[in-house]
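**Q** Handing over entry-v8.txt, compact mmCIF, C-alpha atoms and all ligand atoms.
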```txt
# COMPACT_ATOMS: atom_id res chain seq x y z
CA MET A 1 59.94 2.75 -159.37
CA LYS A 2 62.85 1.05 -161.01
CA TYR A 3 65.76 -0.43 -159.05
CA ASN A 4 69.42 -0.61 -160.13
CA ARG A 5 72.05 -2.96 -158.78
CA CYS A 6 74.66 -1.00 -156.84
CA GLY A 7 78.04 -1.82 -158.37
CA ARG A 8 79.06 -5.45 -157.89
CA SER A 9 76.91 -6.06 -154.84
CA GLY A 10 73.69 -7.77 -153.92
CA LEU A 11 72.04 -4.46 -153.07
CA LYS A 12 69.60 -2.73 -155.40
CA LEU A 13 68.77 0.96 -155.00
CA PRO A 14 65.76 2.84 -156.34
CA ILE A 15 66.79 5.05 -159.26
CA VAL A 16 65.45 7.97 -157.20
CA SER A 17 66.58 8.21 -153.55
CA LEU A 18 65.52 10.81 -150.99
CA GLY A 19 68.02 12.94 -149.08
CA LEU A 20 67.22 14.59 -145.75
CA TRP A 21 69.80 17.39 -145.85
CA HIS A 22 67.14 20.10 -146.01
CA ASN A 23 63.52 20.16 -144.81
CA PHE A 24 63.94 17.58 -142.02
CA GLY A 25 65.67 19.71 -139.37
CA GLY A 26 64.43 21.32 -136.20
CA VAL A 27 63.38 24.49 -137.99
CA THR A 28 60.97 22.82 -140.42
CA PHE A 29 57.36 21.81 -139.92
CA TYR A 30 57.56 18.17 -138.75
CA GLU A 31 54.27 17.13 -140.36
CA ASN A 32 55.60 18.25 -143.76
CA SER A 33 58.81 16.21 -143.33
CA ARG A 34 56.69 13.24 -142.33
CA GLU A 35 54.46 13.61 -145.38
CA ILE A 36 57.48 13.83 -147.72
CA ALA A 37 59.01 10.63 -146.27
CA ARG A 38 55.71 8.72 -146.33
CA ARG A 39 54.89 9.74 -149.91
CA ALA A 40 58.41 8.84 -151.05
CA PHE A 41 58.18 5.35 -149.56
CA ASP A 42 54.71 4.79 -151.04
CA LEU A 43 56.19 5.67 -154.45
CA GLY A 44 58.91 3.04 -154.11
CA ILE A 45 61.71 5.25 -152.80
CA THR A 46 63.20 2.71 -150.43
CA HIS A 47 66.44 4.59 -149.84
CA PHE A 48 66.72 7.47 -147.34
CA ASP A 49 70.02 9.32 -147.07
CA LEU A 50 71.11 11.13 -143.91
CA ALA A 51 74.29 12.43 -142.27
CA ASN A 52 75.22 13.17 -138.67
CA ASN A 53 75.22 16.93 -139.31
CA TYR A 54 71.93 17.30 -141.24
CA GLY A 55 69.58 19.75 -139.54
CA PRO A 56 69.77 22.47 -138.50
CA PRO A 57 70.72 22.01 -135.75
CA PRO A 58 73.17 19.18 -136.54
CA GLY A 59 71.61 15.84 -135.60
CA ALA A 60 68.02 17.08 -135.94
CA ALA A 61 67.32 15.32 -139.25
CA GLU A 62 68.37 11.97 -137.75
CA GLU A 63 66.23 12.65 -134.67
CA ASN A 64 63.19 13.56 -136.77
CA PHE A 65 63.72 10.61 -139.08
CA GLY A 66 63.95 8.36 -136.00
CA ARG A 67 60.58 9.71 -134.91
CA ILE A 68 59.10 9.06 -138.38
CA LEU A 69 60.54 5.53 -138.36
CA LYS A 70 58.90 4.85 -135.03
CA THR A 71 55.55 6.41 -135.91
CA ASP A 72 55.10 5.54 -139.57
CA PHE A 73 57.55 2.87 -140.65
CA GLN A 74 57.23 0.29 -137.86
CA GLY A 75 57.47 -3.09 -139.49
CA TYR A 76 59.03 -1.75 -142.73
CA ARG A 77 62.72 -1.65 -141.70
CA ASP A 78 63.61 -4.60 -143.92
CA GLU A 79 62.10 -2.81 -146.96
CA MET A 80 64.29 0.25 -146.39
CA VAL A 81 67.88 1.25 -147.04
CA ILE A 82 69.00 3.91 -144.56
CA SER A 83 72.34 5.63 -144.89
CA THR A 84 74.27 8.08 -142.77
CA LYS A 85 77.71 9.69 -142.81
CA ALA A 86 80.41 11.35 -140.76
CA GLY A 87 83.17 13.64 -142.00
CA TYR A 88 82.07 17.26 -141.51
CA THR A 89 82.13 19.24 -138.26
CA MET A 90 79.80 17.66 -135.74
CA TRP A 91 80.95 18.46 -132.20
CA PRO A 92 83.55 20.74 -130.59
CA GLY A 93 87.15 19.76 -130.00
CA PRO A 94 89.51 17.65 -132.10
CA TYR A 95 87.37 14.46 -132.19
CA GLY A 96 84.17 15.63 -133.90
CA ASP A 97 85.39 16.27 -137.45
CA TRP A 98 87.23 14.81 -140.46
CA GLY A 99 88.28 11.13 -140.64
CA SER A 100 89.84 9.65 -137.49
CA LYS A 101 88.76 6.26 -136.21
CA LYS A 102 87.86 8.02 -132.94
CA TYR A 103 85.39 10.33 -134.73
CA LEU A 104 83.79 7.80 -137.10
CA ILE A 105 83.09 5.15 -134.44
CA ALA A 106 81.66 7.65 -131.93
CA SER A 107 79.64 9.46 -134.57
CA LEU A 108 77.93 6.35 -135.90
CA ASP A 109 77.03 5.29 -132.34
CA GLN A 110 75.41 8.71 -131.84
CA SER A 111 73.58 8.49 -135.20
CA LEU A 112 72.17 5.05 -134.34
CA LYS A 113 70.88 6.39 -131.02
CA ARG A 114 69.26 9.42 -132.65
CA MET A 115 67.48 7.25 -135.23
CA GLY A 116 66.68 4.44 -132.80
CA LEU A 117 68.37 1.88 -135.05
CA ASP A 118 70.64 -1.12 -134.38
CA TYR A 119 72.41 -0.68 -137.71
CA VAL A 120 72.40 1.48 -140.86
CA ASP A 121 72.51 -0.07 -144.30
CA ILE A 122 75.24 2.22 -145.63
CA PHE A 123 77.79 4.25 -143.65
CA TYR A 124 79.88 6.80 -145.53
CA HIS A 125 83.00 8.75 -144.88
CA HIS A 126 81.58 12.14 -145.89
CA ARG A 127 84.71 13.89 -147.25
CA PRO A 128 88.40 13.08 -147.63
CA ASP A 129 90.65 14.05 -144.72
CA PRO A 130 94.02 15.44 -145.85
CA GLU A 131 95.68 14.64 -142.48
CA THR A 132 94.42 11.25 -141.27
CA PRO A 133 96.05 8.28 -143.03
CA LEU A 134 93.55 6.79 -145.47
CA GLU A 135 94.32 3.37 -143.95
CA GLU A 136 92.94 4.57 -140.60
CA THR A 137 89.71 5.98 -142.07
CA MET A 138 89.09 2.93 -144.24
CA GLY A 139 90.05 0.70 -141.30
CA ALA A 140 87.30 2.39 -139.26
CA LEU A 141 84.76 1.68 -142.04
CA ASP A 142 85.90 -1.96 -142.13
CA LEU A 143 85.55 -2.24 -138.33
CA ILE A 144 82.06 -0.70 -138.44
CA ALA A 145 80.97 -3.25 -141.05
CA ARG A 146 82.49 -6.14 -139.08
CA GLN A 147 80.70 -4.95 -135.93
CA GLY A 148 77.44 -5.07 -137.89
CA LYS A 149 76.72 -1.40 -137.28
CA ALA A 150 76.59 -0.85 -141.06
CA LEU A 151 75.88 -3.49 -143.67
CA TYR A 152 77.82 -1.68 -146.39
CA VAL A 153 80.29 1.21 -146.50
CA GLY A 154 80.88 4.05 -148.92
CA ILE A 155 82.82 7.24 -149.55
CA SER A 156 81.67 10.70 -150.56
CA ASN A 157 83.31 13.69 -152.22
CA TYR A 158 86.53 11.76 -152.95
CA LYS A 159 88.23 12.77 -156.21
CA ALA A 160 89.06 10.04 -158.76
CA GLU A 161 92.58 9.31 -157.49
CA GLU A 162 91.62 9.42 -153.80
CA ALA A 163 88.63 7.17 -154.50
CA GLN A 164 90.83 4.63 -156.28
CA LYS A 165 93.17 4.44 -153.25
CA ALA A 166 90.27 4.13 -150.78
CA ILE A 167 88.59 1.41 -152.88
CA LYS A 168 91.86 -0.55 -153.01
CA ILE A 169 92.40 -0.39 -149.23
CA LEU A 170 88.81 -1.46 -148.53
CA LYS A 171 89.15 -4.35 -150.98
CA GLU A 172 92.34 -5.51 -149.20
CA LEU A 173 90.58 -5.30 -145.84
CA GLY A 174 87.78 -7.51 -147.17
CA THR A 175 85.01 -4.90 -146.90
CA PRO A 176 84.36 -3.76 -150.48
CA CYS A 177 83.39 -0.16 -151.10
CA LEU A 178 79.72 -0.32 -152.09
CA ILE A 179 79.18 3.19 -153.40
CA HIS A 180 80.55 6.66 -153.97
CA GLN A 181 78.28 9.66 -153.31
CA ALA A 182 79.24 12.55 -155.58
CA ARG A 183 77.74 15.85 -156.73
CA TYR A 184 76.57 15.56 -160.34
CA SER A 185 74.12 17.50 -162.46
CA MET A 186 73.88 19.15 -165.87
CA LEU A 187 75.40 22.23 -164.22
CA ASP A 188 78.24 20.40 -162.48
CA ARG A 189 79.93 17.66 -164.49
CA TRP A 190 83.24 17.17 -162.64
CA VAL A 191 82.64 13.43 -162.16
CA GLU A 192 82.85 12.90 -165.92
CA ASP A 193 86.53 13.81 -165.68
CA GLY A 194 87.81 10.46 -164.33
CA LEU A 195 85.70 9.53 -161.33
CA LEU A 196 82.88 7.77 -163.21
CA SER A 197 85.44 5.68 -165.13
CA VAL A 198 87.19 4.63 -161.90
CA LEU A 199 83.86 3.58 -160.35
CA GLU A 200 82.87 1.66 -163.47
CA GLU A 201 86.22 -0.16 -163.61
CA GLU A 202 86.12 -0.98 -159.90
CA GLU A 203 82.43 -1.97 -160.07
CA VAL A 204 81.51 0.48 -157.33
CA GLY A 205 78.06 2.12 -157.42
CA CYS A 206 77.54 5.86 -157.80
CA ILE A 207 74.79 7.93 -156.23
CA ALA A 208 74.55 11.48 -157.57
CA PHE A 209 73.69 14.17 -155.05
CA SER A 210 72.10 17.53 -155.90
CA PRO A 211 71.09 16.23 -159.36
CA LEU A 212 68.72 19.20 -159.66
CA ALA A 213 71.56 21.60 -158.74
CA LYS A 214 69.77 22.37 -155.45
CA GLY A 215 66.58 23.26 -157.30
CA LEU A 216 68.01 25.30 -160.19
CA LEU A 217 67.23 22.55 -162.72
CA THR A 218 63.49 22.69 -162.07
CA ASN A 219 60.68 25.07 -162.88
CA ARG A 220 61.32 26.90 -159.55
CA TYR A 221 63.40 29.79 -160.83
CA LEU A 222 62.30 30.24 -164.45
CA THR A 223 60.59 33.56 -163.78
CA GLY A 224 61.68 34.69 -160.34
CA ILE A 225 62.65 33.52 -156.85
CA PRO A 226 59.61 32.08 -155.05
CA ALA A 227 59.32 33.07 -151.38
CA ASP A 228 59.19 29.42 -150.24
CA SER A 229 62.27 28.33 -152.25
CA ARG A 230 65.73 27.39 -150.98
CA ALA A 231 67.27 30.44 -152.67
CA ALA A 232 64.91 32.75 -150.74
CA GLY A 233 65.55 31.02 -147.41
CA PRO A 234 68.41 31.19 -144.90
CA SER A 235 70.38 28.31 -146.52
CA ALA A 236 73.92 29.38 -147.28
CA PHE A 237 74.03 26.71 -150.01
CA LEU A 238 71.95 28.49 -152.65
CA LYS A 239 72.14 32.26 -152.86
CA PRO A 240 69.85 34.44 -155.00
CA ASP A 241 72.86 35.90 -156.83
CA GLU A 242 73.62 32.43 -158.29
CA ILE A 243 70.46 32.79 -160.39
CA THR A 244 71.87 35.06 -163.07
CA GLU A 245 70.10 36.17 -166.23
CA GLU A 246 72.54 34.06 -168.26
CA LEU A 247 71.58 30.96 -166.24
CA ARG A 248 67.88 31.72 -166.61
CA VAL A 249 68.24 31.78 -170.40
CA LYS A 250 69.77 28.28 -170.27
CA LEU A 251 67.12 27.00 -167.86
CA SER A 252 64.34 28.31 -170.12
CA ALA A 253 65.86 26.58 -173.16
CA LEU A 254 66.24 23.33 -171.18
CA ASN A 255 62.67 23.67 -169.95
CA ALA A 256 61.41 24.05 -173.55
CA LEU A 257 63.25 20.85 -174.52
CA ALA A 258 61.78 19.01 -171.53
CA VAL A 259 58.27 20.10 -172.56
CA GLU A 260 58.96 18.80 -176.10
CA ARG A 261 59.93 15.46 -174.52
CA GLY A 262 56.70 15.45 -172.55
CA GLN A 263 58.31 15.80 -169.11
CA THR A 264 59.15 18.47 -166.56
CA LEU A 265 62.58 20.07 -166.37
CA ALA A 266 63.23 18.25 -163.06
CA GLN A 267 62.41 14.91 -164.69
CA MET A 268 64.65 15.63 -167.69
CA ALA A 269 67.52 16.72 -165.40
CA LEU A 270 67.26 13.44 -163.45
CA ALA A 271 66.99 11.31 -166.61
CA TRP A 272 70.09 13.06 -167.95
CA VAL A 273 72.16 12.13 -164.85
CA LEU A 274 71.00 8.51 -165.21
CA ARG A 275 71.49 8.43 -169.02
CA SER A 276 74.77 6.53 -169.27
CA GLY A 277 73.92 3.72 -166.87
CA ARG A 278 76.99 4.63 -164.80
CA VAL A 279 74.89 6.29 -162.04
CA THR A 280 72.98 3.89 -159.80
CA SER A 281 70.58 6.42 -158.25
CA VAL A 282 69.86 10.14 -158.20
CA LEU A 283 69.67 11.57 -154.69
CA ILE A 284 67.08 14.33 -154.60
CA GLY A 285 65.88 16.70 -151.90
CA ALA A 286 62.32 17.98 -151.63
CA SER A 287 60.43 20.64 -149.70
CA LYS A 288 57.00 19.26 -150.64
CA SER A 289 55.63 15.78 -151.32
CA SER A 290 54.39 17.00 -154.74
CA GLN A 291 58.04 17.50 -155.75
CA VAL A 292 58.80 13.88 -154.89
CA GLU A 293 55.84 12.80 -157.03
CA ASP A 294 57.12 14.90 -159.93
CA CYS A 295 60.68 13.53 -159.61
CA VAL A 296 59.52 9.92 -159.50
CA GLY A 297 57.82 10.56 -162.86
CA VAL A 298 61.32 10.32 -164.38
CA VAL A 299 60.75 6.56 -164.69
CA ASN A 300 58.36 7.21 -167.60
CA SER A 301 60.93 8.84 -169.88
CA LEU A 302 64.52 7.87 -169.20
CA SER A 303 66.06 7.64 -172.65
CA PHE A 304 67.41 10.37 -174.93
CA ASP A 305 68.09 10.33 -178.63
CA PRO A 306 71.55 11.59 -179.68
CA GLU A 307 70.04 14.81 -181.11
CA GLU A 308 68.51 15.68 -177.74
CA LEU A 309 71.79 15.09 -175.91
CA LYS A 310 73.60 17.28 -178.45
CA LYS A 311 71.05 20.03 -177.97
CA ILE A 312 71.45 19.87 -174.17
CA ASP A 313 75.23 20.22 -174.53
CA GLU A 314 74.77 23.19 -176.86
CA ILE A 315 72.44 24.89 -174.37
CA LEU A 316 74.80 24.23 -171.45
CA ASN A 317 77.88 25.39 -173.36
CA CYS A 318 76.47 28.55 -174.92
CA ASP A 319 77.83 31.72 -173.27
N1 LIG B 401 77.55 13.87 -149.71
C1 LIG B 401 77.47 15.16 -149.67
O1 LIG B 401 78.44 15.90 -149.42
C2 LIG B 401 76.13 15.80 -149.97
C3 LIG B 401 76.03 17.19 -150.20
C4 LIG B 401 74.79 17.71 -150.52
C5 LIG B 401 73.69 16.88 -150.59
N2 LIG B 401 73.81 15.54 -150.34
C6 LIG B 401 72.63 14.63 -150.37
O2 LIG B 401 71.87 14.89 -151.53
C7 LIG B 401 70.53 15.18 -151.18
C8 LIG B 401 69.90 16.10 -152.18
O3 LIG B 401 70.58 17.34 -152.22
P1 LIG B 401 69.80 18.62 -152.72
O4 LIG B 401 68.63 18.86 -151.82
O5 LIG B 401 70.79 19.71 -152.95
O6 LIG B 401 69.25 18.04 -154.13
P2 LIG B 401 68.48 18.59 -155.39
O7 LIG B 401 67.54 17.49 -155.72
O8 LIG B 401 69.45 19.05 -156.40
O9 LIG B 401 67.66 19.88 -154.91
C9 LIG B 401 66.52 19.72 -154.09
C10 LIG B 401 65.65 20.96 -154.20
O10 LIG B 401 65.14 21.09 -155.52
C11 LIG B 401 63.78 21.53 -155.50
N3 LIG B 401 62.96 20.49 -156.12
C12 LIG B 401 63.05 19.14 -155.99
N4 LIG B 401 62.19 18.51 -156.78
C13 LIG B 401 61.53 19.46 -157.47
C14 LIG B 401 60.50 19.43 -158.45
N5 LIG B 401 60.04 18.28 -158.90
N6 LIG B 401 60.04 20.61 -158.93
C15 LIG B 401 60.54 21.79 -158.48
N7 LIG B 401 61.51 21.88 -157.54
C16 LIG B 401 62.00 20.73 -157.04
C17 LIG B 401 63.44 21.77 -154.04
O11 LIG B 401 63.77 23.13 -153.78
P3 LIG B 401 62.96 24.07 -152.77
O12 LIG B 401 63.44 23.63 -151.41
O13 LIG B 401 63.40 25.41 -153.15
O14 LIG B 401 61.50 23.79 -152.98
C18 LIG B 401 64.41 20.85 -153.31
O15 LIG B 401 64.66 21.24 -152.00
C19 LIG B 401 70.66 15.74 -149.75
O16 LIG B 401 69.43 15.69 -149.03
C20 LIG B 401 71.71 14.84 -149.18
O17 LIG B 401 71.13 13.61 -148.81
C21 LIG B 401 75.01 15.00 -150.04
```
Could you show the structure in this file as structure tokens?
**A**
Amino acid sequence: MKYNRCGRSGLKLPIVSLGLWHNFGGVTFYENSREIARRAFDLGITHFDLANNYGPPPGAAEENFGRILKTDFQGYRDEMVISTKAGYTMWPGPYGDWGSKKYLIASLDQSLKRMGLDYVDIFYHHRPDPETPLEETMGALDLIARQGKALYVGISNYKAEEAQKAIKILKELGTPCLIHQARYSMLDRWVEDGLLSVLEEEEVGCIAFSPLAKGLLTNRYLTGIPADSRAAGPSAFLKPDEITEELRVKLSALNALAVERGQTLAQMALAWVLRSGRVTSVLIGASKSSQVEDCVGVVNSLSFDPEELKKIDEILNCD
């Protein structure tokens, strides 16, 4: 594993981090979740990313991860970076959603209980709240850091302008924004339109979620929709009709280029997200430990020559 410094901070993150959004809930086979987490850590993935609502049901991923921490990672807490978030719907009524101080403080206390932790390493506001004053939400993050319930704070899904405002407020409060968690892959490049420049200027780290476009940028869907894949399952976040013939043509061409480079499509997709040095870590999900092993193989071939990058753009832009 390789480790990158996160923005202008003392914290280094593995270039591949593991997210527990899928495959760690109450509906999945616990022993498989456990094996994925153990294999990841053995391969140098020190960073595990959670959120209050990951499951299903919401909270289940934190509970299961708490169980794994207790069973398998006793004595390793200081070698791990554990993050969680609040911002999406978590409990009924007006206090279990969005960005109020009331919600963020209560939610983190619940997350710590579920995981059996005294503190998390990173606490994020999960999405911008159009109604709550940004000063209140950032003030809650500052309070959480001062209380020692999170060592660092971050934001997620904030657009460039919103991120700039949040970063400024946090700086004034004396709790710098460590990191921004944003969706970024070959198939979704919105962060290139301003956000990455803001983060670079402000020296804030960037962790890219869904860098494999939820599994599309892998060998999973080159010839069909496997029965054990996310697209075949109940997840509302990847539907079979997203895998069009047009997309499959692009995926096959990308796969051929990856083979030429001596890596898998997943590895090339991750290397591509990391290519500019502006992304600290890619945040993958996995349904099997073998997928984690494959993804970690990205460390062996991270660089691209300009011809390869041009070819990737041509493949992505051809309609
Ligand atoms: N901040 C936010 O709003 C937000 C939103 C979404 C996600 N996230 C974070 O980002 C993490 C990752 O999201 P994601 O799961 O969508 O990421 P992803 O890495 O784009 O997709 C993961 C899926 O890709 C497939 N896969 C992974 N490695 C593979 C390999 N080597 N070969 C073949 N297939 C492979 C698996 O699909 P199958 O399951 O089909 O096998 C896996 O479940 C989440 O767990 C969460 O921590 C954050």
**Q** If we draw a sphere of 9 Å around (67.1, 2.3, -148.4), which residues have at least one atom in it when counting all atoms listed in the file? Please report them as a tab-separated table (two decimals) with C-alpha atoms, in the coordinates of the input.
**A**
```tsv
chain	number	residue	atom	x	y	z
A	12	LYS	CA	69.60	-2.73	-155.40
A	13	LEU	CA	68.77	0.96	-155.00
A	14	PRO	CA	65.76	2.84	-156.34
A	17	SER	CA	66.58	8.21	-153.55
A	45	ILE	CA	61.71	5.25	-152.80
A	46	THR	CA	63.20	2.71	-150.43
A	47	HIS	CA	66.44	4.59	-149.84
A	48	PHE	CA	66.72	7.47	-147.34
A	49	ASP	CA	70.02	9.32	-147.07
A	77	ARG	CA	62.72	-1.65	-141.70
A	78	ASP	CA	63.61	-4.60	-143.92
A	79	GLU	CA	62.10	-2.81	-146.96
A	80	MET	CA	64.29	0.25	-146.39
A	81	VAL	CA	67.88	1.25	-147.04
A	82	ILE	CA	69.00	3.91	-144.56
A	83	SER	CA	72.34	5.63	-144.89
A	121	ASP	CA	72.51	-0.07	-144.30
A	122	ILE	CA	75.24	2.22	-145.63
```
**Q** Taking into account all atoms listed in the file, which residue in the set A:Gly215, A:Gly224, A:Pro130, A:Gly44 is nearest to ligand LIG 401 (chain B)?
**A**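 Of A:Gly215, A:Gly224, A:Pro130, A:Gly44, the one nearest ligand LIG 401 (chain B) is A:Gly215, counting all atoms listed in the file.
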**Q** To box ligand LIG 401 (chain B), take all atoms listed in the file, fit an axis-aligned box, add 4 Å on each side, and give centre and edge lengths in Å to one decimal, as lines of an AutoDock Vina configuration file.
**A**
```
center_x = 69.2
center_y = 19.5
center_z = -153.9
size_x = 26.4
size_y = 19.8
size_z = 18.1
```
**Q** Quick one: residues within 8 Å of ligand LIG 401 (chain B), with all atoms listed in the file, as a count of residues only?
**A** 53
**Q** Using Å and a single decimal, report how far CA of Ile179 in chain A sits from CA of Asp109 in chain A.
**A**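 Those two atoms sit 21.3 Å apart.
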**Q** I'd like the interatomic distance between CA of Ala60 in chain A and CA of Phe24 in chain A, to a tenth of an Å.
**A**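 So the two atoms, CA of Ala60 in chain A and CA of Phe24 in chain A, lie 7.3 Å apart.
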**Q** Excluding Glu135 in chain A and any residue of its chain fewer than 2 positions from it, enumerate the residues within 8 Å of it, using all atoms listed in the file, and give them as an NGL selection string.
**A** :A and (133 or 137-139 or 166 or 169)
**Q** For range 63-68 of chain A, work out the shell of residues within 8 Å, counting all atoms listed in the file and skipping chain neighbours fewer than 6 positions away, then give it as a PDB file with C-alpha atoms, keeping the file's coordinate frame.
**A**
```
ATOM      1  CA  PHE A  24      63.940  17.580-142.020  1.00  0.00           C
ATOM      2  CA  GLY A  25      65.670  19.710-139.370  1.00  0.00           C
ATOM      3  CA  GLY A  26      64.430  21.320-136.200  1.00  0.00           C
ATOM      4  CA  TYR A  30      57.560  18.170-138.750  1.00  0.00           C
ATOM      5  CA  ARG A  34      56.690  13.240-142.330  1.00  0.00           C
ATOM      6  CA  ARG A 114      69.260   9.420-132.650  1.00  0.00           C
ATOM      7  CA  MET A 115      67.480   7.250-135.230  1.00  0.00           C
ATOM      8  CA  GLY A 116      66.680   4.440-132.800  1.00  0.00           C
ATOM      9  CA  LEU A 117      68.370   1.880-135.050  1.00  0.00           C
TER      10      LEU A 117
END
```
**Q** Find the spatial neighbours of Leu251 in chain A, counting all atoms listed in the file, within a cut-off of 7 Å - ignore same-chain residues fewer than 4 positions away - and output them as a list in words.
**A**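 Near neighbours after the sequence-gap exclusion: Leu217, Leu222, Leu247 and Asn255 of chain A.
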**Q** Please identify all polymer residues within 12 Å of Gly154 in chain A, counting only C-alpha atoms, omitting same-chain residues fewer than 5 positions from it, and present them as a ChimeraX atom specification.
**A** /A:6-7,83-86,120-128,137-138,140-142,144-145,163,166-167,170-171,175-182,199,204-207
**Q** Quote the spacing between CA of Asp97 in chain A and CA of Lys113 in chain A in Å to one decimal place.
**A** 18.7 Å
**Q** So, counting all atoms listed in the file, which residue among A:Ala236, A:Tyr95, A:Leu254, A:Gly59 is closest to Lys311 in chain A?
**A**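 Smallest distance to Lys311 in chain A is found for A:Leu254.
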**Q** Restricting the calculation to all atoms listed in the file, which member of A:Leu274, A:Met186, A:Leu108, A:Ala40 is positioned closest to Glu62 in chain A?
**A**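 Answer, going by the shortest atom-to-atom distance: A:Leu108.
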**Q** Please rebuild range 277-294 of chain A with N, CA and C atoms and return the result as a PDB file, in the frame of the given file.
**A**
```
ATOM      1  N   GLY A 277      73.933   4.986-167.600  1.00  0.00           N
ATOM      2  CA  GLY A 277      73.920   3.720-166.870  1.00  0.00           C
ATOM      3  C   GLY A 277      75.044   3.629-165.847  1.00  0.00           C
ATOM      4  N   ARG A 278      75.872   4.683-165.751  1.00  0.00           N
ATOM      5  CA  ARG A 278      76.990   4.630-164.800  1.00  0.00           C
ATOM      6  C   ARG A 278      76.594   5.167-163.416  1.00  0.00           C
ATOM      7  N   VAL A 279      75.388   5.772-163.318  1.00  0.00           N
ATOM      8  CA  VAL A 279      74.890   6.290-162.040  1.00  0.00           C
ATOM      9  C   VAL A 279      73.775   5.359-161.557  1.00  0.00           C
ATOM     10  N   THR A 280      73.933   4.863-160.342  1.00  0.00           N
ATOM     11  CA  THR A 280      72.980   3.890-159.800  1.00  0.00           C
ATOM     12  C   THR A 280      71.666   4.568-159.430  1.00  0.00           C
ATOM     13  N   SER A 281      71.779   5.754-158.786  1.00  0.00           N
ATOM     14  CA  SER A 281      70.580   6.420-158.250  1.00  0.00           C
ATOM     15  C   SER A 281      70.829   7.921-158.223  1.00  0.00           C
ATOM     16  N   VAL A 282      69.747   8.690-158.394  1.00  0.00           N
ATOM     17  CA  VAL A 282      69.860  10.140-158.200  1.00  0.00           C
ATOM     18  C   VAL A 282      69.283  10.463-156.823  1.00  0.00           C
ATOM     19  N   LEU A 283      70.023  11.287-156.087  1.00  0.00           N
ATOM     20  CA  LEU A 283      69.670  11.570-154.690  1.00  0.00           C
ATOM     21  C   LEU A 283      69.077  12.975-154.601  1.00  0.00           C
ATOM     22  N   ILE A 284      67.762  13.022-154.569  1.00  0.00           N
ATOM     23  CA  ILE A 284      67.080  14.330-154.600  1.00  0.00           C
ATOM     24  C   ILE A 284      66.769  14.817-153.180  1.00  0.00           C
ATOM     25  N   GLY A 285      66.471  16.115-153.100  1.00  0.00           N
ATOM     26  CA  GLY A 285      65.880  16.700-151.900  1.00  0.00           C
ATOM     27  C   GLY A 285      64.507  17.208-152.303  1.00  0.00           C
ATOM     28  N   ALA A 286      63.651  17.456-151.308  1.00  0.00           N
ATOM     29  CA  ALA A 286      62.320  17.980-151.630  1.00  0.00           C
ATOM     30  C   ALA A 286      61.790  18.777-150.447  1.00  0.00           C
ATOM     31  N   SER A 287      61.072  19.859-150.772  1.00  0.00           N
ATOM     32  CA  SER A 287      60.430  20.640-149.700  1.00  0.00           C
ATOM     33  C   SER A 287      58.936  20.357-149.637  1.00  0.00           C
ATOM     34  N   LYS A 288      58.438  19.586-150.604  1.00  0.00           N
ATOM     35  CA  LYS A 288      57.000  19.260-150.640  1.00  0.00           C
ATOM     36  C   LYS A 288      56.861  17.846-151.200  1.00  0.00           C
ATOM     37  N   SER A 289      55.806  17.144-150.792  1.00  0.00           N
ATOM     38  CA  SER A 289      55.630  15.780-151.320  1.00  0.00           C
ATOM     39  C   SER A 289      55.306  15.819-152.814  1.00  0.00           C
ATOM     40  N   SER A 290      54.701  16.921-153.301  1.00  0.00           N
ATOM     41  CA  SER A 290      54.390  17.000-154.740  1.00  0.00           C
ATOM     42  C   SER A 290      55.677  16.998-155.578  1.00  0.00           C
ATOM     43  N   GLN A 291      56.762  17.526-155.012  1.00  0.00           N
ATOM     44  CA  GLN A 291      58.040  17.500-155.750  1.00  0.00           C
ATOM     45  C   GLN A 291      58.563  16.072-155.874  1.00  0.00           C
ATOM     46  N   VAL A 292      58.375  15.286-154.829  1.00  0.00           N
ATOM     47  CA  VAL A 292      58.800  13.880-154.890  1.00  0.00           C
ATOM     48  C   VAL A 292      58.005  13.171-155.979  1.00  0.00           C
ATOM     49  N   GLU A 293      56.698  13.431-156.005  1.00  0.00           N
ATOM     50  CA  GLU A 293      55.840  12.800-157.030  1.00  0.00           C
ATOM     51  C   GLU A 293      56.344  13.163-158.420  1.00  0.00           C
ATOM     52  N   ASP A 294      56.636  14.447-158.621  1.00  0.00           N
ATOM     53  CA  ASP A 294      57.120  14.900-159.930  1.00  0.00           C
ATOM     54  C   ASP A 294      58.429  14.183-160.283  1.00  0.00           C
TER      55      ASP A 294
END
```
